[in-house]
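What follows is a set of notes on a single structure, which appears directly below.
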Amino acid sequence: MERDLIEEWFELYERDVTSFLIYYTGSMDVQDLVQETFLRGLKKIAYFKEGAHPKTWLITIAKNIVVDRARKNNIWNRIKYVLRDEKQIEGLDHTVLLGEMNQELYLAINKLPAKNKEVIILKAILEMTSKQVAEILESNENHVNVLYHRSLKKLKSILEKEGFEYEARTR
């Protein structure tokens, strides 16, 4: 039964977990992390709180896996944020990293400090609610909203410094 539940969640949330991990790690090679996320979810399903959202829970697991690996291997010093080979992105969801504008945005996001990067990925890219993001970041909704607003300002500043041209949205 637990295995069926994890398989269902995999079908529903694998794409979100993968997207989060790509942006969070700055690497396209996240298949092992995705697999480890769902395996750890299966092992820890008894700790899943009734009423919690499975996507939030799984992304929290994914984040913790990356943080644990970083602590053990000190990988943060080795992460490369520059995608040079377009072949690396073939076959991925087109909304994640295709096109020059998306690549520029991707690179700019990875220049943000960790907390700013996390909140941008979770709220803007994965379209999670402030409540869900607060659970993942172990914070409160108000702090998430303030952090998100500040993160967007930092991201806009980085994009402008890089000469990124964008059109303002009109309502």
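Just so we're on the same page: first chain in the structure tokens is A, next is B, and so on; residues restart at 1 for each chain, and ligands are numbered from 1 in the order they show up.
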>> List as a PyMOL selection string the protein and nucleic acid residues near segment 108-117 of chain A, meaning an atom at most 12 Å away when only C-alpha atoms are counted, but skip any in the same chain fewer than 3 places from it.
In response: chain A and resi 20-27+63+67+76+79-83+101-105+120-125+133-134+136-139+143-164
Could you write out the selected residues, including C-alpha atoms, as a PDB file, in the first residue's frame?
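Final output, saved to selection_34.pdb:
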```
ATOM      1  CA  PHE A  20      13.417  21.904  -8.066  1.00  0.00           C
ATOM      2  CA  LEU A  21      16.615  19.840  -7.982  1.00  0.00           C
ATOM      3  CA  ILE A  22      17.858  21.174 -11.323  1.00  0.00           C
ATOM      4  CA  TYR A  23      17.478  24.769 -10.187  1.00  0.00           C
ATOM      5  CA  TYR A  24      18.589  24.118  -6.626  1.00  0.00           C
ATOM      6  CA  THR A  25      21.785  22.236  -7.516  1.00  0.00           C
ATOM      7  CA  GLY A  26      22.596  24.075 -10.725  1.00  0.00           C
ATOM      8  CA  SER A  27      23.083  20.715 -12.400  1.00  0.00           C
ATOM      9  CA  LYS A  63      16.326  19.683  -0.313  1.00  0.00           C
ATOM     10  CA  VAL A  67      22.133  19.729   1.889  1.00  0.00           C
ATOM     11  CA  TRP A  76      29.174  23.691  -3.074  1.00  0.00           C
ATOM     12  CA  ILE A  79      29.109  23.482  -8.546  1.00  0.00           C
ATOM     13  CA  LYS A  80      29.263  25.015 -12.005  1.00  0.00           C
ATOM     14  CA  TYR A  81      26.415  27.299 -13.016  1.00  0.00           C
ATOM     15  CA  VAL A  82      27.191  27.695 -16.677  1.00  0.00           C
ATOM     16  CA  LEU A  83      25.447  25.568 -19.262  1.00  0.00           C
ATOM     17  CA  MET A 101      15.884  33.841 -22.185  1.00  0.00           C
ATOM     18  CA  ASN A 102      15.328  30.831 -19.935  1.00  0.00           C
ATOM     19  CA  GLN A 103      19.046  30.107 -19.864  1.00  0.00           C
ATOM     20  CA  GLU A 104      19.802  33.698 -18.866  1.00  0.00           C
ATOM     21  CA  LEU A 105      17.155  33.493 -16.169  1.00  0.00           C
ATOM     22  CA  ILE A 120      12.328  31.923  -6.262  1.00  0.00           C
ATOM     23  CA  ILE A 121      12.407  28.285  -7.371  1.00  0.00           C
ATOM     24  CA  LEU A 122       9.610  27.234  -5.048  1.00  0.00           C
ATOM     25  CA  LYS A 123       7.240  30.186  -5.520  1.00  0.00           C
ATOM     26  CA  ALA A 124       7.908  31.444  -9.040  1.00  0.00           C
ATOM     27  CA  ILE A 125       8.963  28.324 -10.895  1.00  0.00           C
ATOM     28  CA  VAL A 133       7.261  27.232   0.929  1.00  0.00           C
ATOM     29  CA  ALA A 134       7.206  28.168   4.617  1.00  0.00           C
ATOM     30  CA  ILE A 136       9.969  23.614   3.316  1.00  0.00           C
ATOM     31  CA  LEU A 137      12.069  26.536   4.541  1.00  0.00           C
ATOM     32  CA  GLU A 138      10.935  25.991   8.133  1.00  0.00           C
ATOM     33  CA  SER A 139       9.726  29.564   8.367  1.00  0.00           C
ATOM     34  CA  HIS A 143       8.821  35.818   6.142  1.00  0.00           C
ATOM     35  CA  VAL A 144       8.448  33.855   2.898  1.00  0.00           C
ATOM     36  CA  ASN A 145       6.501  36.697   1.277  1.00  0.00           C
ATOM     37  CA  VAL A 146       9.062  39.304   2.327  1.00  0.00           C
ATOM     38  CA  LEU A 147      11.944  37.077   1.231  1.00  0.00           C
ATOM     39  CA  TYR A 148      10.224  36.434  -2.103  1.00  0.00           C
ATOM     40  CA  HIS A 149       9.730  40.141  -2.752  1.00  0.00           C
ATOM     41  CA  ARG A 150      13.380  40.879  -1.905  1.00  0.00           C
ATOM     42  CA  SER A 151      14.555  37.925  -3.970  1.00  0.00           C
ATOM     43  CA  LEU A 152      12.660  39.176  -7.006  1.00  0.00           C
ATOM     44  CA  LYS A 153      14.323  42.597  -6.606  1.00  0.00           C
ATOM     45  CA  LYS A 154      17.769  40.952  -6.408  1.00  0.00           C
ATOM     46  CA  LEU A 155      17.006  38.788  -9.420  1.00  0.00           C
ATOM     47  CA  LYS A 156      15.825  41.802 -11.431  1.00  0.00           C
ATOM     48  CA  SER A 157      19.015  43.655 -10.486  1.00  0.00           C
ATOM     49  CA  ILE A 158      21.195  40.733 -11.603  1.00  0.00           C
ATOM     50  CA  LEU A 159      19.295  40.448 -14.877  1.00  0.00           C
ATOM     51  CA  GLU A 160      19.625  44.177 -15.548  1.00  0.00           C
ATOM     52  CA  LYS A 161      23.377  44.088 -14.844  1.00  0.00           C
ATOM     53  CA  GLU A 162      23.686  41.194 -17.293  1.00  0.00           C
ATOM     54  CA  GLY A 163      21.873  43.224 -19.929  1.00  0.00           C
ATOM     55  CA  PHE A 164      18.838  40.960 -19.950  1.00  0.00           C
TER      56      PHE A 164
END
```
> Which residues, written as a PyMOL selection string, have at least one atom at most 7 Å from segment 49-59 of chain A, with only C-alpha atoms counted and residues fewer than 5 positions away on the same chain left out?
Replying inline: chain A and resi 13+17+37+41+132+136
> How far is it from atom CA of Met1 of chain A to atom CA of Gln35 of chain A, in Å with one decimal?
Replying inline: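 Separation of atom CA of Met1 of chain A and atom CA of Gln35 of chain A: 19.0 Å.
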> Any idea what's packed within 10 Å of Ile45 of chain A, counting only C-alpha atoms, ignoring anything in its chain fewer than 2 positions away? Could you give it as a PyMOL selection string?
Replying inline: chain A and resi 2-3+5-6+38-43+47-49+57
